Amino acid sequence: SIRKFPLGRSERTLCLWVQTNDAEGEFDGDQSPNFLFGWGDFKKGGDSYGILEDGAPWIVSDCWYTFTREDKQLDGHDVSFTQPANGEWQFLCSMYRNGQVVHFVNGVEINSATVEIGTQGGQFYIGTSPLKGRYNFKGAVDDVRIYDRALQADEIQWLYQLGIQEKKE
């Protein structure tokens with residue numbers, strides 16, 4: 001079990017099952033991001049890390065994103081999963097190791113990108129934004145997992161298979 005959230009540039013993997021109710025692209029009427037979960041020091045302008053739906057007002061999209069936030073700037077640090085938030089249950093994993101974010105959807109590696117992060121301590125949230133209650137997630141979230149290491153592809157595939165069995169029951 002994890003005793004504290006991975007900070008700095010340490011390895012990590014974020015995984016969860018998610019089903020959006022915002023897949024048609026309403027984006028709260030103003031193309032706002034819908035935060036799934038993350039952690040970091042938002043109040044002091046420090047770095048944070050997490051997953052959100054649709055990027056932000058500056059990215060017109062209906063995809064999932066890993067976000068990093070540094071010095072009060074969210075733009076330029078979003079990394080697209082390139083997979084749409086389609087309203088069905090999806091298993092998302094965002095893995096970070098050695099300056100690389102790697103995305104998995106339903107147990108399959110989708111893409112990777114170079115992103116340097118330095119996540120600082122701070123609050124943890126699920127389904128809501130740390131930005132004064134704005135950008136709340138519309139949908140369902142299940143089985144959130146945070147690892148303080150980079151999982152291997154076969155481990156992520158195993159977690160997906162385990163979860164899909166539960167979703168069928």
# chains A, B, ... in the order shown; residues from 1 in each chain; ligands from 1
$ residues_around --residues "A:Gly50" --least-positions-apart "4" --cutoff "7 Å" --atoms "only C-alpha atoms" --output "list in words"
Phe37, Gly38, Trp39, Thr66, Phe67 and Thr68 of chain A
$ select_by_dssp --residues "stretch 80-163 of chain A" --states "strand (DSSP E)" --output "PDB file with all heavy atoms, in the first residue's frame"
ATOM      1  N   SER A  80      -2.507  14.444 -24.225  1.00  0.00           N
ATOM      2  CA  SER A  80      -3.719  13.749 -24.630  1.00  0.00           C
ATOM      3  C   SER A  80      -3.529  12.240 -24.671  1.00  0.00           C
ATOM      4  O   SER A  80      -2.516  11.741 -25.151  1.00  0.00           O
ATOM      5  CB  SER A  80      -4.167  14.219 -26.015  1.00  0.00           C
ATOM      6  OG  SER A  80      -5.309  13.493 -26.428  1.00  0.00           O
ATOM      7  N   PHE A  81      -4.533  11.522 -24.190  1.00  0.00           N
ATOM      8  CA  PHE A  81      -4.577  10.076 -24.369  1.00  0.00           C
ATOM      9  C   PHE A  81      -4.877   9.747 -25.838  1.00  0.00           C
ATOM     10  O   PHE A  81      -4.675   8.636 -26.271  1.00  0.00           O
ATOM     11  CB  PHE A  81      -5.707   9.471 -23.525  1.00  0.00           C
ATOM     12  CG  PHE A  81      -5.353   9.186 -22.097  1.00  0.00           C
ATOM     13  CD1 PHE A  81      -5.224  10.201 -21.168  1.00  0.00           C
ATOM     14  CD2 PHE A  81      -5.195   7.878 -21.669  1.00  0.00           C
ATOM     15  CE1 PHE A  81      -4.942   9.922 -19.843  1.00  0.00           C
ATOM     16  CE2 PHE A  81      -4.909   7.588 -20.342  1.00  0.00           C
ATOM     17  CZ  PHE A  81      -4.780   8.610 -19.425  1.00  0.00           C
ATOM     18  N   THR A  82      -5.416  10.702 -26.583  1.00  0.00           N
ATOM     19  CA  THR A  82      -5.886  10.565 -27.974  1.00  0.00           C
ATOM     20  C   THR A  82      -7.056   9.594 -28.098  1.00  0.00           C
ATOM     21  O   THR A  82      -7.395   9.175 -29.194  1.00  0.00           O
ATOM     22  CB  THR A  82      -4.765  10.149 -28.972  1.00  0.00           C
ATOM     23  OG1 THR A  82      -4.354   8.801 -28.715  1.00  0.00           O
ATOM     24  CG2 THR A  82      -3.582  11.100 -28.906  1.00  0.00           C
ATOM     25  N   GLN A  83      -7.685   9.259 -26.993  1.00  0.00           N
ATOM     26  CA  GLN A  83      -8.842   8.371 -26.997  1.00  0.00           C
ATOM     27  C   GLN A  83     -10.040   9.140 -26.468  1.00  0.00           C
ATOM     28  O   GLN A  83      -9.964   9.789 -25.426  1.00  0.00           O
ATOM     29  CB  GLN A  83      -8.606   7.151 -26.113  1.00  0.00           C
ATOM     30  CG  GLN A  83      -7.499   6.261 -26.626  1.00  0.00           C
ATOM     31  CD  GLN A  83      -7.879   5.614 -27.934  1.00  0.00           C
ATOM     32  OE1 GLN A  83      -8.872   4.916 -28.036  1.00  0.00           O
ATOM     33  NE2 GLN A  83      -7.077   5.856 -28.960  1.00  0.00           N
ATOM     34  N   PRO A  84     -11.165   9.093 -27.162  1.00  0.00           N
ATOM     35  CA  PRO A  84     -12.324   9.871 -26.734  1.00  0.00           C
ATOM     36  C   PRO A  84     -12.967   9.338 -25.466  1.00  0.00           C
ATOM     37  O   PRO A  84     -12.928   8.145 -25.177  1.00  0.00           O
ATOM     38  CB  PRO A  84     -13.280   9.762 -27.920  1.00  0.00           C
ATOM     39  CG  PRO A  84     -12.884   8.517 -28.611  1.00  0.00           C
ATOM     40  CD  PRO A  84     -11.411   8.366 -28.400  1.00  0.00           C
ATOM     41  N   GLN A  90     -14.416   2.833 -19.240  1.00  0.00           N
ATOM     42  CA  GLN A  90     -13.069   2.741 -19.786  1.00  0.00           C
ATOM     43  C   GLN A  90     -12.075   2.641 -18.636  1.00  0.00           C
ATOM     44  O   GLN A  90     -12.252   3.286 -17.594  1.00  0.00           O
ATOM     45  CB  GLN A  90     -12.744   3.973 -20.636  1.00  0.00           C
ATOM     46  CG  GLN A  90     -13.578   4.083 -21.897  1.00  0.00           C
ATOM     47  CD  GLN A  90     -13.335   5.388 -22.626  1.00  0.00           C
ATOM     48  OE1 GLN A  90     -13.740   6.433 -22.153  1.00  0.00           O
ATOM     49  NE2 GLN A  90     -12.670   5.317 -23.769  1.00  0.00           N
ATOM     50  N   PHE A  91     -11.028   1.861 -18.841  1.00  0.00           N
ATOM     51  CA  PHE A  91      -9.970   1.721 -17.849  1.00  0.00           C
ATOM     52  C   PHE A  91      -8.784   2.560 -18.312  1.00  0.00           C
ATOM     53  O   PHE A  91      -8.176   2.277 -19.341  1.00  0.00           O
ATOM     54  CB  PHE A  91      -9.565   0.248 -17.703  1.00  0.00           C
ATOM     55  CG  PHE A  91      -8.526   0.000 -16.647  1.00  0.00           C
ATOM     56  CD1 PHE A  91      -8.786   0.278 -15.316  1.00  0.00           C
ATOM     57  CD2 PHE A  91      -7.292  -0.525 -16.990  1.00  0.00           C
ATOM     58  CE1 PHE A  91      -7.835   0.048 -14.333  1.00  0.00           C
ATOM     59  CE2 PHE A  91      -6.331  -0.756 -16.025  1.00  0.00           C
ATOM     60  CZ  PHE A  91      -6.606  -0.481 -14.695  1.00  0.00           C
ATOM     61  N   LEU A  92      -8.474   3.615 -17.573  1.00  0.00           N
ATOM     62  CA  LEU A  92      -7.402   4.550 -17.930  1.00  0.00           C
ATOM     63  C   LEU A  92      -6.221   4.386 -16.980  1.00  0.00           C
ATOM     64  O   LEU A  92      -6.414   4.282 -15.767  1.00  0.00           O
ATOM     65  CB  LEU A  92      -7.879   5.996 -17.835  1.00  0.00           C
ATOM     66  CG  LEU A  92      -9.140   6.393 -18.584  1.00  0.00           C
ATOM     67  CD1 LEU A  92      -9.440   7.867 -18.342  1.00  0.00           C
ATOM     68  CD2 LEU A  92      -9.010   6.091 -20.060  1.00  0.00           C
ATOM     69  N   CYS A  93      -5.025   4.396 -17.539  1.00  0.00           N
ATOM     70  CA  CYS A  93      -3.808   4.427 -16.727  1.00  0.00           C
ATOM     71  C   CYS A  93      -2.862   5.459 -17.320  1.00  0.00           C
ATOM     72  O   CYS A  93      -2.655   5.495 -18.535  1.00  0.00           O
ATOM     73  CB  CYS A  93      -3.104   3.070 -16.707  1.00  0.00           C
ATOM     74  SG  CYS A  93      -3.962   1.818 -15.757  1.00  0.00           S
ATOM     75  N   SER A  94      -2.306   6.292 -16.455  1.00  0.00           N
ATOM     76  CA  SER A  94      -1.280   7.252 -16.831  1.00  0.00           C
ATOM     77  C   SER A  94      -0.046   6.904 -16.015  1.00  0.00           C
ATOM     78  O   SER A  94      -0.059   6.971 -14.790  1.00  0.00           O
ATOM     79  CB  SER A  94      -1.745   8.676 -16.515  1.00  0.00           C
ATOM     80  OG  SER A  94      -0.714   9.599 -16.764  1.00  0.00           O
ATOM     81  N   MET A  95       1.023   6.516 -16.694  1.00  0.00           N
ATOM     82  CA  MET A  95       2.243   6.085 -16.034  1.00  0.00           C
ATOM     83  C   MET A  95       3.344   7.106 -16.319  1.00  0.00           C
ATOM     84  O   MET A  95       3.473   7.580 -17.449  1.00  0.00           O
ATOM     85  CB  MET A  95       2.635   4.696 -16.547  1.00  0.00           C
ATOM     86  CG  MET A  95       3.828   4.082 -15.831  1.00  0.00           C
ATOM     87  SD  MET A  95       5.397   4.446 -16.631  1.00  0.00           S
ATOM     88  CE  MET A  95       5.272   3.488 -18.113  1.00  0.00           C
ATOM     89  N   TYR A  96       4.117   7.465 -15.288  1.00  0.00           N
ATOM     90  CA  TYR A  96       5.214   8.416 -15.444  1.00  0.00           C
ATOM     91  C   TYR A  96       6.516   7.766 -14.983  1.00  0.00           C
ATOM     92  O   TYR A  96       6.585   7.198 -13.878  1.00  0.00           O
ATOM     93  CB  TYR A  96       4.951   9.679 -14.627  1.00  0.00           C
ATOM     94  CG  TYR A  96       6.086  10.681 -14.717  1.00  0.00           C
ATOM     95  CD1 TYR A  96       6.226  11.477 -15.843  1.00  0.00           C
ATOM     96  CD2 TYR A  96       7.009  10.811 -13.698  1.00  0.00           C
ATOM     97  CE1 TYR A  96       7.276  12.389 -15.947  1.00  0.00           C
ATOM     98  CE2 TYR A  96       8.056  11.719 -13.786  1.00  0.00           C
ATOM     99  CZ  TYR A  96       8.177  12.501 -14.910  1.00  0.00           C
ATOM    100  OH  TYR A  96       9.216  13.402 -15.022  1.00  0.00           O
ATOM    101  N   ARG A  97       7.552   7.833 -15.850  1.00  0.00           N
ATOM    102  CA  ARG A  97       8.873   7.322 -15.502  1.00  0.00           C
ATOM    103  C   ARG A  97       9.918   8.041 -16.358  1.00  0.00           C
ATOM    104  O   ARG A  97       9.764   8.160 -17.575  1.00  0.00           O
ATOM    105  CB  ARG A  97       8.955   5.818 -15.749  1.00  0.00           C
ATOM    106  CG  ARG A  97      10.347   5.263 -15.537  1.00  0.00           C
ATOM    107  CD  ARG A  97      10.491   3.774 -15.735  1.00  0.00           C
ATOM    108  NE  ARG A  97       9.797   3.323 -16.906  1.00  0.00           N
ATOM    109  CZ  ARG A  97       9.204   2.126 -17.000  1.00  0.00           C
ATOM    110  NH1 ARG A  97       9.220   1.293 -15.998  1.00  0.00           N
ATOM    111  NH2 ARG A  97       8.600   1.782 -18.111  1.00  0.00           N
ATOM    112  N   GLN A 100       8.843  10.569 -19.001  1.00  0.00           N
ATOM    113  CA  GLN A 100       7.887  10.095 -20.002  1.00  0.00           C
ATOM    114  C   GLN A 100       6.545   9.784 -19.347  1.00  0.00           C
ATOM    115  O   GLN A 100       6.497   9.095 -18.336  1.00  0.00           O
ATOM    116  CB  GLN A 100       8.379   8.809 -20.671  1.00  0.00           C
ATOM    117  CG  GLN A 100       9.520   8.990 -21.637  1.00  0.00           C
ATOM    118  CD  GLN A 100       9.058   9.580 -22.947  1.00  0.00           C
ATOM    119  OE1 GLN A 100       9.366  10.722 -23.244  1.00  0.00           O
ATOM    120  NE2 GLN A 100       8.340   8.819 -23.722  1.00  0.00           N
ATOM    121  N   VAL A 101       5.468  10.298 -19.933  1.00  0.00           N
ATOM    122  CA  VAL A 101       4.112   9.899 -19.571  1.00  0.00           C
ATOM    123  C   VAL A 101       3.670   8.879 -20.614  1.00  0.00           C
ATOM    124  O   VAL A 101       3.798   9.126 -21.813  1.00  0.00           O
ATOM    125  CB  VAL A 101       3.149  11.104 -19.563  1.00  0.00           C
ATOM    126  CG1 VAL A 101       1.706  10.649 -19.427  1.00  0.00           C
ATOM    127  CG2 VAL A 101       3.495  12.059 -18.445  1.00  0.00           C
ATOM    128  N   VAL A 102       3.174   7.738 -20.161  1.00  0.00           N
ATOM    129  CA  VAL A 102       2.675   6.696 -21.057  1.00  0.00           C
ATOM    130  C   VAL A 102       1.223   6.447 -20.709  1.00  0.00           C
ATOM    131  O   VAL A 102       0.875   6.283 -19.536  1.00  0.00           O
ATOM    132  CB  VAL A 102       3.487   5.384 -20.930  1.00  0.00           C
ATOM    133  CG1 VAL A 102       2.978   4.337 -21.910  1.00  0.00           C
ATOM    134  CG2 VAL A 102       4.973   5.650 -21.145  1.00  0.00           C
ATOM    135  N   HIS A 103       0.360   6.443 -21.727  1.00  0.00           N
ATOM    136  CA  HIS A 103      -1.077   6.252 -21.529  1.00  0.00           C
ATOM    137  C   HIS A 103      -1.522   4.869 -21.971  1.00  0.00           C
ATOM    138  O   HIS A 103      -1.096   4.382 -23.024  1.00  0.00           O
ATOM    139  CB  HIS A 103      -1.874   7.283 -22.333  1.00  0.00           C
ATOM    140  CG  HIS A 103      -1.716   8.664 -21.821  1.00  0.00           C
ATOM    141  ND1 HIS A 103      -1.438   9.721 -22.634  1.00  0.00           N
ATOM    142  CD2 HIS A 103      -1.805   9.170 -20.568  1.00  0.00           C
ATOM    143  CE1 HIS A 103      -1.375  10.827 -21.905  1.00  0.00           C
ATOM    144  NE2 HIS A 103      -1.581  10.507 -20.649  1.00  0.00           N
ATOM    145  N   PHE A 104      -2.426   4.293 -21.182  1.00  0.00           N
ATOM    146  CA  PHE A 104      -3.053   3.017 -21.492  1.00  0.00           C
ATOM    147  C   PHE A 104      -4.564   3.202 -21.414  1.00  0.00           C
ATOM    148  O   PHE A 104      -5.057   3.846 -20.482  1.00  0.00           O
ATOM    149  CB  PHE A 104      -2.649   1.940 -20.486  1.00  0.00           C
ATOM    150  CG  PHE A 104      -1.183   1.605 -20.508  1.00  0.00           C
ATOM    151  CD1 PHE A 104      -0.254   2.396 -19.863  1.00  0.00           C
ATOM    152  CD2 PHE A 104      -0.744   0.466 -21.170  1.00  0.00           C
ATOM    153  CE1 PHE A 104       1.089   2.080 -19.874  1.00  0.00           C
ATOM    154  CE2 PHE A 104       0.610   0.135 -21.179  1.00  0.00           C
ATOM    155  CZ  PHE A 104       1.531   0.949 -20.539  1.00  0.00           C
ATOM    156  N   VAL A 105      -5.290   2.645 -22.369  1.00  0.00           N
ATOM    157  CA  VAL A 105      -6.749   2.619 -22.328  1.00  0.00           C
ATOM    158  C   VAL A 105      -7.172   1.174 -22.519  1.00  0.00           C
ATOM    159  O   VAL A 105      -6.764   0.517 -23.483  1.00  0.00           O
ATOM    160  CB  VAL A 105      -7.378   3.508 -23.419  1.00  0.00           C
ATOM    161  CG1 VAL A 105      -8.894   3.405 -23.391  1.00  0.00           C
ATOM    162  CG2 VAL A 105      -6.943   4.960 -23.238  1.00  0.00           C
ATOM    163  N   VAL A 108      -4.331  -1.369 -23.089  1.00  0.00           N
ATOM    164  CA  VAL A 108      -3.480  -1.253 -24.272  1.00  0.00           C
ATOM    165  C   VAL A 108      -2.741   0.080 -24.241  1.00  0.00           C
ATOM    166  O   VAL A 108      -3.357   1.128 -24.016  1.00  0.00           O
ATOM    167  CB  VAL A 108      -4.328  -1.354 -25.564  1.00  0.00           C
ATOM    168  CG1 VAL A 108      -3.468  -1.145 -26.797  1.00  0.00           C
ATOM    169  CG2 VAL A 108      -5.066  -2.679 -25.623  1.00  0.00           C
ATOM    170  N   GLU A 109      -1.417   0.051 -24.492  1.00  0.00           N
ATOM    171  CA  GLU A 109      -0.660   1.296 -24.570  1.00  0.00           C
ATOM    172  C   GLU A 109      -1.105   2.086 -25.793  1.00  0.00           C
ATOM    173  O   GLU A 109      -1.149   1.574 -26.905  1.00  0.00           O
ATOM    174  CB  GLU A 109       0.842   1.016 -24.661  1.00  0.00           C
ATOM    175  CG  GLU A 109       1.671   2.283 -24.667  1.00  0.00           C
ATOM    176  CD  GLU A 109       3.164   2.048 -24.671  1.00  0.00           C
ATOM    177  OE1 GLU A 109       3.619   1.008 -24.145  1.00  0.00           O
ATOM    178  OE2 GLU A 109       3.874   2.919 -25.203  1.00  0.00           O
ATOM    179  N   ILE A 110      -1.445   3.361 -25.558  1.00  0.00           N
ATOM    180  CA  ILE A 110      -1.965   4.226 -26.618  1.00  0.00           C
ATOM    181  C   ILE A 110      -0.890   5.161 -27.153  1.00  0.00           C
ATOM    182  O   ILE A 110      -0.707   5.294 -28.348  1.00  0.00           O
ATOM    183  CB  ILE A 110      -3.168   5.051 -26.099  1.00  0.00           C
ATOM    184  CG1 ILE A 110      -4.296   4.124 -25.643  1.00  0.00           C
ATOM    185  CG2 ILE A 110      -3.650   6.037 -27.144  1.00  0.00           C
ATOM    186  CD1 ILE A 110      -4.841   3.220 -26.729  1.00  0.00           C
ATOM    187  N   ASN A 111      -0.194   5.840 -26.251  1.00  0.00           N
ATOM    188  CA  ASN A 111       0.832   6.786 -26.682  1.00  0.00           C
ATOM    189  C   ASN A 111       1.733   7.154 -25.514  1.00  0.00           C
ATOM    190  O   ASN A 111       1.504   6.747 -24.374  1.00  0.00           O
ATOM    191  CB  ASN A 111       0.217   8.039 -27.316  1.00  0.00           C
ATOM    192  CG  ASN A 111      -0.573   8.872 -26.327  1.00  0.00           C
ATOM    193  OD1 ASN A 111      -0.675   8.537 -25.147  1.00  0.00           O
ATOM    194  ND2 ASN A 111      -1.127   9.965 -26.787  1.00  0.00           N
ATOM    195  N   SER A 112       2.763   7.942 -25.822  1.00  0.00           N
ATOM    196  CA  SER A 112       3.656   8.445 -24.780  1.00  0.00           C
ATOM    197  C   SER A 112       4.148   9.824 -25.198  1.00  0.00           C
ATOM    198  O   SER A 112       4.084  10.193 -26.369  1.00  0.00           O
ATOM    199  CB  SER A 112       4.842   7.493 -24.570  1.00  0.00           C
ATOM    200  OG  SER A 112       5.626   7.422 -25.725  1.00  0.00           O
ATOM    201  N   ALA A 113       4.639  10.568 -24.215  1.00  0.00           N
ATOM    202  CA  ALA A 113       5.140  11.911 -24.483  1.00  0.00           C
ATOM    203  C   ALA A 113       6.183  12.273 -23.429  1.00  0.00           C
ATOM    204  O   ALA A 113       6.141  11.777 -22.301  1.00  0.00           O
ATOM    205  CB  ALA A 113       4.005  12.926 -24.453  1.00  0.00           C
ATOM    206  N   THR A 114       7.094  13.144 -23.795  1.00  0.00           N
ATOM    207  CA  THR A 114       8.106  13.635 -22.872  1.00  0.00           C
ATOM    208  C   THR A 114       7.527  14.805 -22.086  1.00  0.00           C
ATOM    209  O   THR A 114       7.090  15.788 -22.673  1.00  0.00           O
ATOM    210  CB  THR A 114       9.359  14.089 -23.636  1.00  0.00           C
ATOM    211  OG1 THR A 114       9.869  12.973 -24.367  1.00  0.00           O
ATOM    212  CG2 THR A 114      10.423  14.626 -22.697  1.00  0.00           C
ATOM    213  N   GLN A 123      -3.183  18.910  -1.727  1.00  0.00           N
ATOM    214  CA  GLN A 123      -4.436  18.195  -1.590  1.00  0.00           C
ATOM    215  C   GLN A 123      -4.622  17.129  -2.667  1.00  0.00           C
ATOM    216  O   GLN A 123      -4.058  17.200  -3.750  1.00  0.00           O
ATOM    217  CB  GLN A 123      -5.603  19.172  -1.620  1.00  0.00           C
ATOM    218  CG  GLN A 123      -5.792  19.861  -2.959  1.00  0.00           C
ATOM    219  CD  GLN A 123      -6.811  20.960  -2.870  1.00  0.00           C
ATOM    220  OE1 GLN A 123      -6.526  22.003  -2.306  1.00  0.00           O
ATOM    221  NE2 GLN A 123      -7.992  20.720  -3.398  1.00  0.00           N
ATOM    222  N   PHE A 124      -5.424  16.123  -2.326  1.00  0.00           N
ATOM    223  CA  PHE A 124      -5.815  15.049  -3.230  1.00  0.00           C
ATOM    224  C   PHE A 124      -7.311  15.178  -3.457  1.00  0.00           C
ATOM    225  O   PHE A 124      -8.055  15.509  -2.535  1.00  0.00           O
ATOM    226  CB  PHE A 124      -5.489  13.697  -2.588  1.00  0.00           C
ATOM    227  CG  PHE A 124      -6.026  12.529  -3.353  1.00  0.00           C
ATOM    228  CD1 PHE A 124      -5.430  12.126  -4.533  1.00  0.00           C
ATOM    229  CD2 PHE A 124      -7.125  11.828  -2.893  1.00  0.00           C
ATOM    230  CE1 PHE A 124      -5.917  11.042  -5.248  1.00  0.00           C
ATOM    231  CE2 PHE A 124      -7.623  10.743  -3.596  1.00  0.00           C
ATOM    232  CZ  PHE A 124      -7.010  10.348  -4.778  1.00  0.00           C
ATOM    233  N   TYR A 125      -7.765  14.942  -4.667  1.00  0.00           N
ATOM    234  CA  TYR A 125      -9.192  15.072  -4.949  1.00  0.00           C
ATOM    235  C   TYR A 125      -9.610  14.034  -5.985  1.00  0.00           C
ATOM    236  O   TYR A 125      -8.821  13.604  -6.823  1.00  0.00           O
ATOM    237  CB  TYR A 125      -9.524  16.483  -5.439  1.00  0.00           C
ATOM    238  CG  TYR A 125      -8.679  16.896  -6.604  1.00  0.00           C
ATOM    239  CD1 TYR A 125      -9.095  16.666  -7.908  1.00  0.00           C
ATOM    240  CD2 TYR A 125      -7.438  17.487  -6.404  1.00  0.00           C
ATOM    241  CE1 TYR A 125      -8.295  17.002  -8.976  1.00  0.00           C
ATOM    242  CE2 TYR A 125      -6.635  17.829  -7.468  1.00  0.00           C
ATOM    243  CZ  TYR A 125      -7.073  17.578  -8.750  1.00  0.00           C
ATOM    244  OH  TYR A 125      -6.274  17.896  -9.807  1.00  0.00           O
ATOM    245  N   ILE A 126     -10.869  13.620  -5.899  1.00  0.00           N
ATOM    246  CA  ILE A 126     -11.489  12.714  -6.868  1.00  0.00           C
ATOM    247  C   ILE A 126     -12.791  13.351  -7.311  1.00  0.00           C
ATOM    248  O   ILE A 126     -13.636  13.704  -6.486  1.00  0.00           O
ATOM    249  CB  ILE A 126     -11.779  11.328  -6.267  1.00  0.00           C
ATOM    250  CG1 ILE A 126     -10.491  10.630  -5.840  1.00  0.00           C
ATOM    251  CG2 ILE A 126     -12.534  10.449  -7.275  1.00  0.00           C
ATOM    252  CD1 ILE A 126     -10.710   9.296  -5.154  1.00  0.00           C
ATOM    253  N   GLY A 139     -20.058  12.060 -14.180  1.00  0.00           N
ATOM    254  CA  GLY A 139     -19.999  10.648 -14.523  1.00  0.00           C
ATOM    255  C   GLY A 139     -19.710   9.803 -13.302  1.00  0.00           C
ATOM    256  O   GLY A 139     -19.962  10.215 -12.172  1.00  0.00           O
ATOM    257  N   ALA A 140     -19.176   8.610 -13.541  1.00  0.00           N
ATOM    258  CA  ALA A 140     -18.882   7.661 -12.467  1.00  0.00           C
ATOM    259  C   ALA A 140     -17.404   7.296 -12.502  1.00  0.00           C
ATOM    260  O   ALA A 140     -16.808   7.166 -13.568  1.00  0.00           O
ATOM    261  CB  ALA A 140     -19.733   6.409 -12.636  1.00  0.00           C
ATOM    262  N   VAL A 141     -16.823   7.129 -11.323  1.00  0.00           N
ATOM    263  CA  VAL A 141     -15.427   6.746 -11.168  1.00  0.00           C
ATOM    264  C   VAL A 141     -15.395   5.536 -10.244  1.00  0.00           C
ATOM    265  O   VAL A 141     -16.110   5.496  -9.234  1.00  0.00           O
ATOM    266  CB  VAL A 141     -14.593   7.893 -10.545  1.00  0.00           C
ATOM    267  CG1 VAL A 141     -13.153   7.470 -10.354  1.00  0.00           C
ATOM    268  CG2 VAL A 141     -14.683   9.152 -11.394  1.00  0.00           C
ATOM    269  N   ASP A 142     -14.574   4.540 -10.589  1.00  0.00           N
ATOM    270  CA  ASP A 142     -14.503   3.325  -9.787  1.00  0.00           C
ATOM    271  C   ASP A 142     -13.060   2.837  -9.729  1.00  0.00           C
ATOM    272  O   ASP A 142     -12.292   3.033 -10.672  1.00  0.00           O
ATOM    273  CB  ASP A 142     -15.399   2.251 -10.425  1.00  0.00           C
ATOM    274  CG  ASP A 142     -15.639   1.056  -9.519  1.00  0.00           C
ATOM    275  OD1 ASP A 142     -15.458   1.165  -8.292  1.00  0.00           O
ATOM    276  OD2 ASP A 142     -16.017  -0.006 -10.057  1.00  0.00           O
ATOM    277  N   ASP A 143     -12.706   2.216  -8.636  1.00  0.00           N
ATOM    278  CA  ASP A 143     -11.436   1.507  -8.473  1.00  0.00           C
ATOM    279  C   ASP A 143     -10.230   2.384  -8.807  1.00  0.00           C
ATOM    280  O   ASP A 143      -9.403   2.044  -9.661  1.00  0.00           O
ATOM    281  CB  ASP A 143     -11.431   0.229  -9.316  1.00  0.00           C
ATOM    282  CG  ASP A 143     -10.357  -0.758  -8.873  1.00  0.00           C
ATOM    283  OD1 ASP A 143      -9.809  -0.597  -7.767  1.00  0.00           O
ATOM    284  OD2 ASP A 143     -10.053  -1.678  -9.652  1.00  0.00           O
ATOM    285  N   VAL A 144     -10.093   3.509  -8.128  1.00  0.00           N
ATOM    286  CA  VAL A 144      -8.943   4.403  -8.312  1.00  0.00           C
ATOM    287  C   VAL A 144      -7.722   3.765  -7.657  1.00  0.00           C
ATOM    288  O   VAL A 144      -7.781   3.333  -6.502  1.00  0.00           O
ATOM    289  CB  VAL A 144      -9.216   5.788  -7.682  1.00  0.00           C
ATOM    290  CG1 VAL A 144      -7.980   6.672  -7.758  1.00  0.00           C
ATOM    291  CG2 VAL A 144     -10.408   6.446  -8.345  1.00  0.00           C
ATOM    292  N   ARG A 145      -6.636   3.696  -8.404  1.00  0.00           N
ATOM    293  CA  ARG A 145      -5.394   3.109  -7.898  1.00  0.00           C
ATOM    294  C   ARG A 145      -4.236   4.063  -8.169  1.00  0.00           C
ATOM    295  O   ARG A 145      -4.103   4.582  -9.266  1.00  0.00           O
ATOM    296  CB  ARG A 145      -5.102   1.779  -8.582  1.00  0.00           C
ATOM    297  CG  ARG A 145      -6.133   0.714  -8.264  1.00  0.00           C
ATOM    298  CD  ARG A 145      -5.919  -0.516  -9.131  1.00  0.00           C
ATOM    299  NE  ARG A 145      -6.874  -1.539  -8.812  1.00  0.00           N
ATOM    300  CZ  ARG A 145      -6.587  -2.651  -8.153  1.00  0.00           C
ATOM    301  NH1 ARG A 145      -5.343  -2.883  -7.767  1.00  0.00           N
ATOM    302  NH2 ARG A 145      -7.523  -3.532  -7.888  1.00  0.00           N
ATOM    303  N   ILE A 146      -3.407   4.250  -7.148  1.00  0.00           N
ATOM    304  CA  ILE A 146      -2.219   5.091  -7.269  1.00  0.00           C
ATOM    305  C   ILE A 146      -1.030   4.252  -6.828  1.00  0.00           C
ATOM    306  O   ILE A 146      -1.012   3.738  -5.706  1.00  0.00           O
ATOM    307  CB  ILE A 146      -2.326   6.350  -6.388  1.00  0.00           C
ATOM    308  CG1 ILE A 146      -3.569   7.141  -6.777  1.00  0.00           C
ATOM    309  CG2 ILE A 146      -1.063   7.192  -6.493  1.00  0.00           C
ATOM    310  CD1 ILE A 146      -3.917   8.227  -5.804  1.00  0.00           C
ATOM    311  N   TYR A 147      -0.062   4.113  -7.706  1.00  0.00           N
ATOM    312  CA  TYR A 147       1.131   3.337  -7.413  1.00  0.00           C
ATOM    313  C   TYR A 147       2.338   4.263  -7.368  1.00  0.00           C
ATOM    314  O   TYR A 147       2.431   5.197  -8.167  1.00  0.00           O
ATOM    315  CB  TYR A 147       1.360   2.277  -8.498  1.00  0.00           C
ATOM    316  CG  TYR A 147       0.258   1.247  -8.569  1.00  0.00           C
ATOM    317  CD1 TYR A 147      -0.850   1.453  -9.384  1.00  0.00           C
ATOM    318  CD2 TYR A 147       0.330   0.085  -7.813  1.00  0.00           C
ATOM    319  CE1 TYR A 147      -1.870   0.514  -9.452  1.00  0.00           C
ATOM    320  CE2 TYR A 147      -0.685  -0.858  -7.873  1.00  0.00           C
ATOM    321  CZ  TYR A 147      -1.780  -0.637  -8.693  1.00  0.00           C
ATOM    322  OH  TYR A 147      -2.790  -1.563  -8.753  1.00  0.00           O
TER     323      TYR A 147
END
$ closest_residue --among "A:Asn106, A:Thr128, A:Thr119, A:Asn136" --to "A:Tyr160" --atoms "only C-alpha atoms"
A:Asn106
$ closest_residue --among "A:Gly127, A:Asn86, A:Asn98, A:Gly118" --to "A:Phe35" --atoms "only C-alpha atoms"
A:Gly127
$ residues_around --residues "A:Glu53" --least-positions-apart "6" --cutoff "9 Å" --atoms "only C-alpha atoms" --output "PyMOL selection string"
chain A and resi 20+22+27+32-36+61-66+84-85+137
$ residues_around --residues "A:Gly8" --least-positions-apart "3" --cutoff "10 Å" --atoms "only C-alpha atoms" --output "PyMOL selection string"
chain A and resi 5+11+47-48+116-121
$ residues_around --residues "A:Asp148" --least-positions-apart "5" --cutoff "8 Å" --atoms "only C-alpha atoms" --output "PyMOL selection string"
chain A and resi 2+5-6+10-13
$ atom_distance --atom1 "atom CA of A:Ile164" --atom2 "atom CA of A:Trp17"
9.5 Å
